[in-house]
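To be precise, the following lines are entry_24.txt, and they hold compact mmCIF, C-alpha atoms.
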```txt
# COMPACT_ATOMS: atom_id res chain seq x y z
CA MET A 89 3.89 39.36 27.19
CA GLN A 90 2.88 37.71 23.93
CA LYS A 91 4.03 38.93 20.53
CA GLU A 92 1.55 40.54 18.17
CA ASP A 93 -0.46 37.85 16.41
CA ILE A 94 -1.87 39.96 13.53
CA ALA A 95 0.15 38.61 10.62
CA LEU A 96 -1.58 39.91 7.48
CA THR A 97 0.80 40.54 4.60
CA PRO A 98 0.91 44.01 2.98
CA ARG A 99 -1.09 42.71 -0.01
CA GLN A 100 -3.74 41.22 2.31
CA ILE A 101 -3.98 44.51 4.23
CA VAL A 102 -4.49 46.45 0.97
CA ALA A 103 -7.15 43.91 -0.10
CA GLU A 104 -9.00 44.52 3.20
CA LEU A 105 -8.78 48.30 2.75
CA ASP A 106 -10.07 47.93 -0.83
CA LYS A 107 -13.35 46.56 0.58
CA TYR A 108 -14.13 49.99 2.06
CA ILE A 109 -11.98 52.59 0.28
CA ILE A 110 -11.88 53.26 -3.46
CA GLY A 111 -8.58 54.22 -5.10
CA GLN A 112 -5.70 55.85 -3.16
CA HIS A 113 -3.44 52.86 -3.83
CA ASP A 114 -0.23 54.69 -2.88
CA ALA A 115 -1.62 55.62 0.56
CA LYS A 116 -2.91 52.07 1.12
CA ARG A 117 0.47 50.54 0.19
CA ASN A 118 2.33 52.78 2.63
CA VAL A 119 0.02 52.16 5.59
CA ALA A 120 0.05 48.42 4.81
CA ILE A 121 3.86 48.38 4.95
CA ALA A 122 3.81 50.40 8.20
CA LEU A 123 1.39 47.90 9.78
CA ARG A 124 3.34 44.85 8.62
CA ASN A 125 6.55 46.43 9.94
CA ARG A 126 5.03 46.44 13.42
CA TRP A 127 4.57 42.66 13.24
CA ARG A 128 8.12 42.32 11.84
CA ARG A 129 9.48 44.36 14.73
CA MET A 130 7.72 42.24 17.36
CA ASN A 131 9.16 39.11 15.75
CA SER A 132 12.70 40.47 15.32
CA PRO A 133 15.66 39.62 17.62
CA GLU A 134 15.23 41.11 21.08
CA ASP A 135 18.47 43.09 20.97
CA MET A 136 17.18 44.99 17.90
CA ARG A 137 13.49 45.24 18.81
CA ASN A 138 13.73 48.50 20.76
CA GLU A 139 15.95 50.07 18.10
CA ILE A 140 13.36 49.72 15.31
CA VAL A 141 11.17 52.82 15.24
CA PRO A 142 7.99 53.22 13.18
CA ASN A 143 8.01 55.28 9.98
CA ASN A 144 5.30 57.83 10.71
CA ILE A 145 3.14 58.88 7.76
CA LEU A 146 2.00 62.31 6.55
CA MET A 147 -1.08 62.18 4.30
CA ILE A 148 -1.67 65.19 2.06
CA GLY A 149 -5.03 65.57 0.36
CA ALA A 150 -8.26 67.55 0.19
CA THR A 151 -11.15 66.87 2.54
CA GLY A 152 -13.26 63.80 1.84
CA VAL A 153 -10.67 61.80 -0.16
CA GLY A 154 -10.29 59.03 2.45
CA LYS A 155 -7.46 60.06 4.81
CA THR A 156 -9.33 59.41 8.06
CA GLU A 157 -11.10 56.33 6.71
CA ILE A 158 -7.78 54.70 5.75
CA ALA A 159 -6.39 55.22 9.29
CA ARG A 160 -9.61 54.03 10.98
CA ARG A 161 -9.88 50.88 8.86
CA LEU A 162 -6.18 50.17 9.40
CA ALA A 163 -6.71 50.17 13.18
CA LYS A 164 -9.66 47.76 12.84
CA ILE A 165 -7.62 45.40 10.64
CA ALA A 166 -4.77 45.48 13.19
CA GLN A 167 -7.18 45.16 16.16
CA ALA A 168 -5.06 47.96 17.60
CA PRO A 169 -5.89 50.85 19.93
CA PHE A 170 -6.71 53.86 17.76
CA THR A 171 -7.51 57.45 18.53
CA LYS A 172 -8.19 60.41 16.23
CA VAL A 173 -7.35 63.94 17.35
CA GLU A 174 -7.53 67.32 15.63
CA ALA A 175 -4.31 69.30 15.81
CA SER A 176 -6.27 72.57 15.76
CA LYS A 177 -7.83 71.70 19.17
CA PHE A 178 -4.45 71.73 20.92
CA THR A 179 -2.98 74.81 22.61
CA GLU A 180 0.54 75.60 23.69
CA VAL A 181 1.52 74.69 27.26
CA GLY A 182 0.38 77.45 29.62
CA TYR A 183 -2.81 78.28 27.68
CA VAL A 184 -6.36 77.07 28.31
CA GLY A 185 -7.17 74.05 26.11
CA ARG A 186 -6.05 70.50 25.48
CA ASP A 187 -2.34 69.74 25.82
CA VAL A 188 -0.74 67.45 23.24
CA GLU A 189 -0.08 64.65 25.75
CA SER A 190 -3.85 64.18 26.08
CA MET A 191 -3.83 62.26 22.76
CA VAL A 192 -1.66 59.58 24.40
CA ARG A 193 -4.02 59.43 27.37
CA ASP A 194 -6.96 59.06 24.94
CA LEU A 195 -5.10 56.17 23.26
CA VAL A 196 -4.57 54.43 26.62
CA GLU A 197 -8.29 54.77 27.44
CA GLN A 198 -9.14 53.17 24.08
CA SER A 199 -6.67 50.38 24.80
CA ILE A 200 -8.13 49.78 28.28
CA ASN A 201 -11.65 49.57 26.77
CA MET A 202 -10.47 47.15 24.06
CA VAL A 203 -8.75 44.78 26.48
CA LYS A 204 -11.56 45.00 29.04
CA THR A 205 -14.17 44.19 26.37
CA ALA A 206 -12.15 41.17 25.20
CA ARG A 207 -11.71 39.92 28.78
CA LYS A 208 -15.42 40.39 29.53
CA GLU A 209 -16.39 38.35 26.48
CA ALA A 210 -14.11 35.54 27.72
CA VAL A 211 -15.77 35.40 31.17
CA LYS A 212 -19.33 36.09 29.97
CA PRO A 213 -20.60 32.44 30.11
CA LYS A 214 -19.43 32.09 33.71
CA ALA A 215 -20.90 35.49 34.61
CA GLU A 216 -24.27 34.57 33.08
CA GLU A 217 -24.49 31.52 35.38
CA ALA A 218 -23.77 33.73 38.41
CA VAL A 219 -26.44 36.23 37.27
CA GLU A 220 -29.02 33.46 36.97
CA ASP A 221 -28.24 32.29 40.51
CA ALA A 222 -28.42 35.89 41.84
CA ILE A 223 -31.85 36.48 40.26
CA LEU A 224 -33.12 33.14 41.65
CA GLU A 225 -31.86 34.13 45.10
CA ILE A 226 -33.92 37.34 44.89
CA LEU A 227 -37.02 35.49 43.64
CA ILE A 228 -36.75 32.53 46.01
CA PRO A 229 -34.34 33.13 48.90
CA THR A 230 -32.53 30.01 50.14
CA ASN A 231 -34.49 28.41 53.01
CA SER A 232 -32.27 26.58 55.48
CA ASP A 233 -34.88 25.33 58.00
CA THR A 234 -35.83 21.66 57.57
CA SER A 235 -34.67 19.14 54.96
CA GLU A 236 -38.26 19.01 53.56
CA ASP A 237 -38.31 22.80 53.14
CA LYS A 238 -34.91 22.64 51.46
CA LEU A 239 -36.13 20.03 48.98
CA LEU A 240 -39.30 22.00 48.20
CA ASN A 241 -37.28 25.19 47.88
CA GLU A 242 -34.86 23.50 45.48
CA LYS A 243 -37.69 22.16 43.29
CA THR A 244 -39.27 25.63 43.16
CA ARG A 245 -35.93 27.18 42.22
CA GLU A 246 -35.44 24.65 39.40
CA ASN A 247 -38.94 25.43 38.06
CA PHE A 248 -38.14 29.14 38.09
CA ARG A 249 -34.73 28.46 36.51
CA GLU A 250 -36.51 26.82 33.57
CA LYS A 251 -38.86 29.79 33.25
CA LEU A 252 -35.91 32.19 33.37
CA ARG A 253 -34.12 30.30 30.60
CA LYS A 254 -37.26 30.30 28.45
CA GLY A 255 -37.63 34.08 28.96
CA GLU A 256 -41.04 33.77 30.62
CA LEU A 257 -40.21 36.10 33.54
CA GLU A 258 -38.46 38.94 31.71
CA ASP A 259 -41.13 41.56 32.50
CA ARG A 260 -41.47 40.63 36.19
CA LYS A 261 -40.11 43.32 38.53
CA ILE A 262 -37.63 42.63 41.32
CA GLU A 263 -35.82 44.86 43.82
CA LEU A 264 -32.12 45.23 43.13
CA SER A 265 -29.23 46.99 44.88
CA VAL A 266 -27.20 49.02 42.36
CA GLN A 267 -23.98 50.95 42.89
CA GLN A 268 -23.78 54.71 42.34
CA SER A 269 -20.74 56.40 40.83
CA ASN A 270 -18.67 58.89 42.84
CA ASN A 271 -17.45 60.89 39.82
CA SER A 272 -20.26 63.44 40.02
CA SER A 273 -18.61 65.04 43.06
CA VAL A 274 -15.41 65.53 41.05
CA SER A 275 -17.17 67.14 38.09
CA MET A 276 -18.72 69.69 40.46
CA ILE A 277 -15.29 70.91 41.62
CA GLY A 278 -13.42 70.17 38.39
CA GLY A 279 -13.65 73.61 36.77
CA GLY A 280 -10.23 75.07 36.01
CA MET A 281 -8.33 71.84 36.75
CA ASP A 282 -6.25 70.16 34.08
CA GLU A 283 -7.20 66.70 32.75
CA MET A 284 -4.51 64.83 34.67
CA THR A 285 -5.48 66.40 38.02
CA ILE A 286 -9.18 65.56 37.49
CA MET A 287 -8.36 61.93 36.51
CA ASN A 288 -6.13 61.49 39.58
CA LEU A 289 -8.79 63.02 41.83
CA GLN A 290 -11.45 60.67 40.41
CA GLU A 291 -9.15 57.70 41.02
CA MET A 292 -8.41 58.85 44.58
CA ILE A 293 -12.06 59.48 45.48
CA GLY A 294 -13.04 56.14 43.91
CA GLY A 295 -10.49 54.38 46.12
CA ILE A 296 -11.35 56.21 49.36
CA MET A 297 -15.14 56.54 49.19
CA PRO A 298 -17.10 53.31 48.97
CA ARG A 299 -19.75 53.32 46.28
CA GLN A 300 -23.22 53.91 47.66
CA GLN A 301 -25.87 51.23 47.20
CA LYS A 302 -29.30 52.24 46.00
CA LYS A 303 -32.42 50.04 45.88
CA ARG A 304 -34.27 50.03 42.55
CA LYS A 305 -37.28 48.21 41.17
CA VAL A 306 -36.32 46.84 37.77
CA THR A 307 -37.56 44.17 35.40
CA ILE A 308 -35.65 40.88 35.27
CA ALA A 309 -34.51 41.82 31.75
CA GLU A 310 -32.94 45.03 33.12
CA ALA A 311 -31.57 43.20 36.16
CA ARG A 312 -29.74 40.76 33.86
CA LYS A 313 -27.87 43.62 32.19
CA ILE A 314 -26.96 45.33 35.48
CA LEU A 315 -25.88 42.12 37.23
CA LEU A 316 -24.03 40.80 34.16
CA GLU A 317 -21.87 43.94 34.05
CA GLU A 318 -21.13 43.63 37.77
CA GLU A 319 -20.33 39.90 37.58
CA MET A 320 -18.05 40.30 34.55
CA SER A 321 -16.20 43.13 36.33
CA LYS A 322 -15.66 40.87 39.36
CA LEU A 323 -14.21 38.09 37.19
CA ILE A 324 -11.57 40.18 35.41
CA ASP A 325 -8.31 41.32 37.00
CA MET A 326 -7.99 45.06 36.33
CA ASP A 327 -4.25 45.02 37.07
CA GLU A 328 -3.79 42.48 34.27
CA VAL A 329 -6.07 44.54 32.01
CA LYS A 330 -3.99 47.68 32.63
CA GLU A 331 -0.73 45.83 32.04
CA GLU A 332 -1.92 44.39 28.72
CA ALA A 333 -3.55 47.68 27.66
CA LEU A 334 -0.38 49.70 28.30
CA TYR A 335 1.63 47.13 26.31
CA LYS A 336 -0.84 47.32 23.40
CA ALA A 337 -0.88 51.13 23.44
CA GLU A 338 2.93 51.31 23.42
CA ASN A 339 3.56 48.65 20.78
CA ALA A 340 0.43 48.60 18.59
CA GLY A 341 -1.22 51.99 19.19
CA ILE A 342 -2.08 54.27 16.27
CA ILE A 343 -2.65 58.01 16.74
CA PHE A 344 -4.23 59.85 13.82
CA ILE A 345 -3.54 63.61 13.93
CA ASP A 346 -5.96 65.37 11.60
CA GLU A 347 -5.77 68.99 10.40
CA ILE A 348 -2.01 69.19 11.02
CA ASP A 349 -1.85 71.88 8.33
CA LYS A 350 -3.83 74.15 10.69
CA ILE A 351 -0.82 74.39 13.05
CA ALA A 352 1.70 75.05 10.26
CA SER A 353 3.05 78.62 10.09
CA ARG A 354 2.09 80.23 6.78
CA SER A 355 4.92 80.83 4.31
CA GLY A 356 6.15 84.39 4.35
CA SER A 357 4.13 85.38 7.43
CA GLY A 358 5.58 87.72 9.99
CA GLY A 359 6.91 86.57 13.34
CA GLY A 360 3.85 87.43 15.41
CA GLY A 361 0.18 86.63 15.84
CA PRO A 362 -1.31 83.15 15.76
CA ASP A 363 1.70 81.67 13.96
CA VAL A 364 3.70 81.89 17.20
CA SER A 365 1.07 79.81 19.02
CA ARG A 366 0.94 77.33 16.11
CA GLU A 367 4.69 76.84 16.29
CA GLY A 368 4.41 76.40 20.06
CA VAL A 369 1.93 73.52 19.55
CA GLN A 370 4.31 71.91 17.04
CA ARG A 371 7.20 72.13 19.53
CA ASP A 372 4.99 70.57 22.24
CA MET A 373 4.02 67.81 19.81
CA LEU A 374 7.62 67.05 18.84
CA PRO A 375 8.75 65.11 21.97
CA VAL A 376 5.54 63.00 21.93
CA VAL A 377 6.10 62.00 18.28
CA GLU A 378 9.87 61.57 18.78
CA GLY A 379 9.39 59.35 21.80
CA CYS A 380 8.91 60.27 25.44
CA ALA A 381 7.23 59.01 28.63
CA VAL A 382 3.70 60.29 29.26
CA ASN A 383 1.96 59.99 32.63
CA THR A 384 -1.55 58.55 32.51
CA LYS A 385 -3.82 57.48 35.34
CA HIS A 386 -3.10 53.85 34.40
CA GLY A 387 0.68 54.21 34.38
CA VAL A 388 3.55 55.64 32.34
CA VAL A 389 3.39 55.13 28.57
CA LYS A 390 6.41 55.38 26.28
CA THR A 391 5.54 56.77 22.86
CA ASP A 392 8.66 55.53 21.00
CA HIS A 393 6.82 52.77 19.10
CA ILE A 394 3.37 54.33 18.66
CA LEU A 395 2.54 54.85 14.97
CA PHE A 396 1.58 58.46 14.21
CA ILE A 397 -0.36 59.20 11.03
CA ALA A 398 -0.85 62.92 10.36
CA ALA A 399 -3.12 64.36 7.71
CA GLY A 400 -3.96 67.73 6.27
CA ALA A 401 -5.37 69.39 3.17
CA PHE A 402 -2.48 71.90 2.98
CA HIS A 403 -4.49 74.35 0.84
CA VAL A 404 -2.86 77.44 2.36
CA ALA A 405 0.19 76.15 4.23
CA LYS A 406 2.61 73.60 2.79
CA PRO A 407 4.19 70.56 4.52
CA SER A 408 7.49 72.48 4.42
CA ASP A 409 5.87 75.13 6.66
CA LEU A 410 5.95 72.70 9.59
CA ILE A 411 9.04 73.08 11.78
CA PRO A 412 11.93 71.00 10.33
CA GLU A 413 12.17 68.74 13.41
CA LEU A 414 8.50 67.75 13.10
CA GLN A 415 8.81 67.24 9.34
CA GLY A 416 11.64 64.81 10.05
CA ARG A 417 9.41 62.69 12.28
CA PHE A 418 7.03 62.01 9.35
CA PRO A 419 9.41 60.49 6.78
CA ILE A 420 6.69 58.84 4.64
CA ARG A 421 4.68 61.39 2.65
CA VAL A 422 1.66 60.32 0.66
CA GLU A 423 -0.38 62.56 -1.64
CA LEU A 424 -3.98 61.41 -2.01
CA ASN A 425 -5.66 61.98 -5.36
CA ALA A 426 -8.75 64.12 -5.91
CA LEU A 427 -11.80 61.96 -6.62
CA THR A 428 -12.98 61.54 -10.22
CA LYS A 429 -16.47 60.79 -11.59
CA ASP A 430 -15.50 57.13 -11.88
CA ASP A 431 -14.31 57.13 -8.25
CA PHE A 432 -17.71 58.46 -7.13
CA TYR A 433 -19.45 55.74 -9.14
CA GLN A 434 -17.26 53.04 -7.57
CA ILE A 435 -17.81 54.53 -4.07
CA LEU A 436 -21.58 54.25 -4.57
CA LYS A 437 -21.38 50.68 -5.83
CA GLU A 438 -18.49 48.67 -4.40
CA PRO A 439 -17.59 49.26 -0.71
CA LYS A 440 -19.18 47.04 1.94
CA ASN A 441 -20.56 50.15 3.62
CA ALA A 442 -21.55 51.99 0.40
CA LEU A 443 -24.19 54.71 0.86
CA THR A 444 -26.56 52.89 -1.49
CA LYS A 445 -26.32 49.76 0.69
CA GLN A 446 -26.95 51.86 3.81
CA TYR A 447 -30.18 53.30 2.38
CA VAL A 448 -31.28 49.84 1.21
CA ALA A 449 -30.81 48.59 4.79
CA LEU A 450 -32.72 51.57 6.25
CA LEU A 451 -35.78 50.97 4.08
CA LYS A 452 -35.59 47.21 4.52
CA SER A 453 -36.40 47.83 8.20
CA GLU A 454 -39.80 49.12 6.91
CA ASN A 455 -40.19 46.08 4.58
CA VAL A 456 -39.64 48.34 1.57
CA GLU A 457 -37.26 47.20 -1.17
CA LEU A 458 -34.98 49.86 -2.66
CA SER A 459 -32.79 49.35 -5.74
CA PHE A 460 -30.62 51.59 -7.93
CA GLN A 461 -30.24 51.19 -11.67
CA ASP A 462 -26.68 51.49 -12.96
CA ASP A 463 -27.42 54.58 -15.05
CA ALA A 464 -28.81 56.25 -11.90
CA LEU A 465 -25.54 55.64 -10.05
CA LEU A 466 -23.60 57.09 -13.00
CA LYS A 467 -25.83 60.18 -12.96
CA ILE A 468 -25.45 60.63 -9.16
CA ALA A 469 -21.66 60.34 -9.53
CA GLU A 470 -21.66 62.88 -12.36
CA LEU A 471 -23.74 65.37 -10.37
CA ALA A 472 -21.60 65.00 -7.22
CA TYR A 473 -18.45 65.57 -9.26
CA GLN A 474 -20.00 68.57 -11.02
CA ILE A 475 -21.10 70.24 -7.75
CA ASN A 476 -17.67 69.64 -6.21
CA SER A 477 -16.07 71.31 -9.25
CA GLU A 478 -18.37 74.33 -9.32
CA VAL A 479 -19.14 75.05 -5.66
CA GLU A 480 -16.64 73.61 -3.19
CA ASN A 481 -14.73 70.34 -3.29
CA ILE A 482 -15.63 68.30 -0.20
CA GLY A 483 -14.73 64.94 -1.73
CA ALA A 484 -16.86 61.87 -1.07
CA ARG A 485 -18.88 63.73 1.57
CA ARG A 486 -20.71 65.37 -1.33
CA LEU A 487 -22.39 62.02 -2.01
CA HIS A 488 -24.09 62.21 1.41
CA THR A 489 -25.78 65.52 0.57
CA VAL A 490 -26.72 64.44 -2.97
CA MET A 491 -28.17 61.10 -1.81
CA SER A 492 -30.02 62.79 1.04
CA HIS A 493 -31.77 65.22 -1.35
CA LEU A 494 -32.50 62.42 -3.79
CA LEU A 495 -34.17 60.11 -1.25
CA ASN A 496 -35.63 62.51 1.35
CA GLN A 497 -39.15 62.44 -0.08
CA PHE A 498 -39.20 58.62 -0.19
CA LEU A 499 -37.90 58.45 3.40
CA PHE A 500 -40.65 60.86 4.45
CA ASP A 501 -43.43 58.95 2.63
CA VAL A 502 -42.52 55.53 4.12
CA PRO A 503 -44.59 53.99 5.71
CA ASP A 504 -47.57 56.40 5.57
CA VAL A 505 -47.83 56.85 1.78
CA ILE A 506 -45.51 54.09 0.60
CA GLY A 507 -46.52 50.98 2.50
CA ALA A 508 -44.78 47.69 3.29
CA ASN A 509 -43.77 45.32 0.46
CA ALA A 510 -43.32 48.25 -1.96
CA HIS A 511 -40.39 48.22 -4.40
CA LEU A 512 -38.71 51.55 -5.15
CA VAL A 513 -36.43 51.70 -8.19
CA ILE A 514 -34.15 54.72 -8.60
CA THR A 515 -33.55 55.45 -12.29
CA ALA A 516 -31.58 58.14 -14.10
CA GLN A 517 -34.90 59.90 -14.74
CA THR A 518 -35.64 59.92 -10.98
CA VAL A 519 -32.23 61.52 -10.36
CA ASN A 520 -32.83 64.16 -13.05
CA GLU A 521 -36.27 65.04 -11.65
CA LYS A 522 -35.07 65.34 -8.04
CA LEU A 523 -31.69 67.05 -8.52
CA ASP A 524 -31.28 68.75 -11.91
CA GLY A 525 -33.11 71.93 -10.93
CA LEU A 526 -30.93 72.41 -7.86
CA VAL A 527 -27.66 71.86 -9.69
CA LYS A 528 -28.52 74.31 -12.49
CA ASN A 529 -29.03 77.11 -9.98
CA ARG A 530 -25.44 77.51 -8.76
CA ASP A 531 -26.21 80.25 -6.23
CA LEU A 532 -28.94 78.15 -4.63
CA SER A 533 -26.83 74.97 -4.68
CA GLN A 534 -24.17 76.71 -2.58
CA TYR A 535 -26.66 76.84 0.30
CA ILE A 536 -28.54 73.60 -0.30
CA LEU A 537 -25.79 71.24 -1.44
```
Just give me the structure of the file as structure tokens.
Amino acid sequence: MQKEDIALTPRQIVAELDKYIIGQHDAKRNVAIALRNRWRRMNSPEDMRNEIVPNNILMIGATGVGKTEIARRLAKIAQAPFTKVEASKFTEVGYVGRDVESMVRDLVEQSINMVKTARKEAVKPKAEEAVEDAILEILIPTNSDTSEDKLLNEKTRENFREKLRKGELEDRKIELSVQQSNNSSVSMIGGGMDEMTIMNLQEMIGGIMPRQQKKRKVTIAEARKILLEEEMSKLIDMDEVKEEALYKAENAGIIFIDEIDKIASRSGSGGGGPDVSREGVQRDMLPVVEGCAVNTKHGVVKTDHILFIAAGAFHVAKPSDLIPELQGRFPIRVELNALTKDDFYQILKEPKNALTKQYVALLKSENVELSFQDDALLKIAELAYQINSEVENIGARRLHTVMSHLLNQFLFDVPDVIGANAHLVITAQTVNEKLDGLVKNRDLSQYIL
């Protein structure tokens, strides 16, 4: 198996994260080091490679300060399998709910999809040729009578091939045989079964029962999509896909555990009630984070070298309220800063996916130009910060509600009242007119913003 080829330096990783996330430099530095260490491990001497374990990270910070976004962007930079889970959704073994090992199975599914997508892209040109031939065979079946008929048939096929390539036949309907899935039968009897049993049953039924063929009338454009998927699936070796996906999950996988503070036992609480169940979930989580073998429908996955990033607001509980063994498995602790007015301003202006840029793109689809004056952005940032301070601090998510209220009327009026080629300019005065009244009424703003 090849070594990991993602070789960005920690500074380059931070620079990439800076394109999407404002501030939080300490958190970015730590995740950048953790990612680079994975590459270092894969390029270290073989006798030491299995001994080097990842330094899992615990992020501490209020909602909306960028914890999840940092982990998600990190996975994209690393081109690594990534899954996000919420610790509060897990239940102790023996209770109804998701067991902690399901997060590893989710990671493997992500890895399978990643590798399969990459393999499909590699075989796509070859598959497209096969699809073209299959559609031609439906339109003009091969005639094997006389040599003259063959020649005429071939000329006709070539004419139709040209038309297909020019897109002249896309709306023409043809009859196609499509395969039906067998999983519906499993879902009907799946109530009460655990995830692993259902997955194994689906695999077993898929192997025993041949998929039924169904005739459908579809356009050539639709047929292309259906046939392309089938042809690409034929050209990739699923055993190789599984092997590579399991390797990626084990050595490059990132699991982000959100709301870990929700399973921490509150300081000074008694020994009963929900705290017992919370501690049970922590103890179930411990072997997965420490390193164990988890059964998945694609094979056994060892979790020793998966990078775990946990996050929580820790408003009520403290990190020290987690069981000591679990605390020890997250040696890197990063506190994320609360967002300031200047942070809000930068968030509106700088990131590649800034909210302002998203709204500009939305209205551009209607041929309407939208622009924001700098003083308007400063005012929006000030209002978002003020509402967070007075009502409830939800971090950068506050910008979504503020921007939505600011622009809702414009979004409603386009294109009926505000037609194409219009130019909308958002000024500080516009912001004051749309939002000042709401902010002044604190009781009302609690429900609206």
Which residues come within 8 Å of region 201-212 of chain A, counting all atoms listed in the file, excluding same-chain residues fewer than 6 positions away, as a PDB file with C-alpha atoms, keeping the file's coordinate frame?
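out06.pdb was written with the following content:
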```pdb
ATOM      1  CA  PRO A 169      -5.890  50.850  19.930  1.00  0.00           C
ATOM      2  CA  LEU A 316     -24.030  40.800  34.160  1.00  0.00           C
ATOM      3  CA  MET A 320     -18.050  40.300  34.550  1.00  0.00           C
ATOM      4  CA  SER A 321     -16.200  43.130  36.330  1.00  0.00           C
ATOM      5  CA  LEU A 323     -14.210  38.090  37.190  1.00  0.00           C
ATOM      6  CA  ILE A 324     -11.570  40.180  35.410  1.00  0.00           C
ATOM      7  CA  VAL A 329      -6.070  44.540  32.010  1.00  0.00           C
ATOM      8  CA  GLU A 332      -1.920  44.390  28.720  1.00  0.00           C
ATOM      9  CA  ALA A 333      -3.550  47.680  27.660  1.00  0.00           C
TER      10      ALA A 333
END
```
Worksheet entry | Arg117 (chain A) surroundings by all atoms listed in the file, 12 Å radius, close-in-sequence under 4 positions cut, as an NGL selection string | :A and (97-106 or 111-113 or 121-124 or 145 or 158 or 162 or 420-422 or 424)
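Using all atoms listed in the file for every distance, the candidate list A:Arg126, A:Lys107, A:Leu227, A:Ala340 yields A:Leu227 as the residue closest to Asn247 (chain A).
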Practice prompt. Considering all atoms listed in the file, state which residue in the set A:Asp462, A:Glu378, A:Leu436, A:Glu246 is at the smallest distance from Ala516 (chain A).
Written response: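 So, comparing all the options, the nearest one is A:Asp462.
Taking all atoms listed in the file into account, Thr171 (chain A) lies nearest to A:Gly341 out of the set A:Pro407, A:Gly416, A:Gly341, A:Pro229.
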Response to the item:
As a check of understanding: the span from CA of Val153 (chain A) to CA of Asn476 (chain A) is 12.1 Å
Discussion item. Here is a test: counting all atoms listed in the file, which residue of A:Glu319, A:Leu494, A:Leu450, A:Leu257 is nearest to Pro213 (chain A)?
Written reply: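 Looking only at the distances to Pro213 (chain A), the closest residue turns out to be A:Glu319.
Computed from the coordinates, the CA of Met326 (chain A) to CA of Ile200 (chain A) distance equals 9.3 Å.
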Worksheet item: Looking at all atoms listed in the file, which of A:Ala401, A:Val513, A:Leu451, A:Met373 is the one that sits closest to Ala426 (chain A)?
Response: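 Once distances to Ala426 (chain A) are computed over all atoms listed in the file, the minimum belongs to A:Ala401.
Excluding Tyr108 (chain A) and any residue on its chain fewer than 3 positions from it, the residues at most 7 Å away by only C-alpha atoms are Leu105, Pro439, Lys440 and Asn441 of chain A.
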Response to the item:
Taken to one decimal, the CA of Arg193 (chain A)-CA of Gln300 (chain A) distance is 28.5 Å
Discussion item. Residues within 10 Å of Lys261 (chain A), please, as a list of chain:residue names. Count only C-alpha atoms; anything in the same chain fewer than 6 positions from it doesn't count.
Written reply: A:Leu227, A:Arg304, A:Lys305, A:Val306, A:Thr307, A:Ile308, A:Ala309, A:Glu310, A:Ala311
Discussion item. Excluding Glu457 (chain A) and its own-chain neighbours fewer than 2 positions away, which residues fall within 12 Å of it when counting all atoms listed in the file? Please give them as a ChimeraX atom specification.
Written reply: /A:445,447-455,459-460,498,502,506-514
Output for the residues just chosen: C-alpha atoms as a tab-separated table (two decimals), in the coordinates of the input:
```tsv
chain	number	residue	atom	x	y	z
A	445	LYS	CA	-26.32	49.76	0.69
A	447	TYR	CA	-30.18	53.30	2.38
A	448	VAL	CA	-31.28	49.84	1.21
A	449	ALA	CA	-30.81	48.59	4.79
A	450	LEU	CA	-32.72	51.57	6.25
A	451	LEU	CA	-35.78	50.97	4.08
A	452	LYS	CA	-35.59	47.21	4.52
A	453	SER	CA	-36.40	47.83	8.20
A	454	GLU	CA	-39.80	49.12	6.91
A	455	ASN	CA	-40.19	46.08	4.58
A	459	SER	CA	-32.79	49.35	-5.74
A	460	PHE	CA	-30.62	51.59	-7.93
A	498	PHE	CA	-39.20	58.62	-0.19
A	502	VAL	CA	-42.52	55.53	4.12
A	506	ILE	CA	-45.51	54.09	0.60
A	507	GLY	CA	-46.52	50.98	2.50
A	508	ALA	CA	-44.78	47.69	3.29
A	509	ASN	CA	-43.77	45.32	0.46
A	510	ALA	CA	-43.32	48.25	-1.96
A	511	HIS	CA	-40.39	48.22	-4.40
A	512	LEU	CA	-38.71	51.55	-5.15
A	513	VAL	CA	-36.43	51.70	-8.19
A	514	ILE	CA	-34.15	54.72	-8.60
```
Discussion item. List as a ChimeraX atom specification the residues having at least one atom at most 9 Å from position (-23.8, 58.6, -12.6) as given in the file, counting only C-alpha atoms.
Written reply: /A:429-430,432-433,462-472,516
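Residues near the point (-1.4, 73.3, 3.9), at a distance of 10 Å or less over only C-alpha atoms, make up Ile148, Gly149, Ala150, Glu347, Ile348, Asp349, Lys350, Ile351, Ala352, Ser353, Arg354, Ser355, Ala399, Gly400, Ala401, Phe402, His403, Val404, Ala405, Lys406, Pro407, Ser408, Asp409 and Leu410 of chain A.
Among the candidates A:Leu334, A:Val388, A:Ile228, A:Ala215, the one nearest to Ala168 (chain A) when counting only C-alpha atoms is A:Leu334.
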Write out as JSON an axis-aligned box for region 100-118 of chain A: all of its atoms listed in the file, 4 Å added on each side, centre and edge lengths in Å with one decimal.
```
{"center_x": -5.9, "center_y": 48.5, "center_z": -0.4, "size_x": 24.5, "size_y": 22.6, "size_z": 17.3}
```
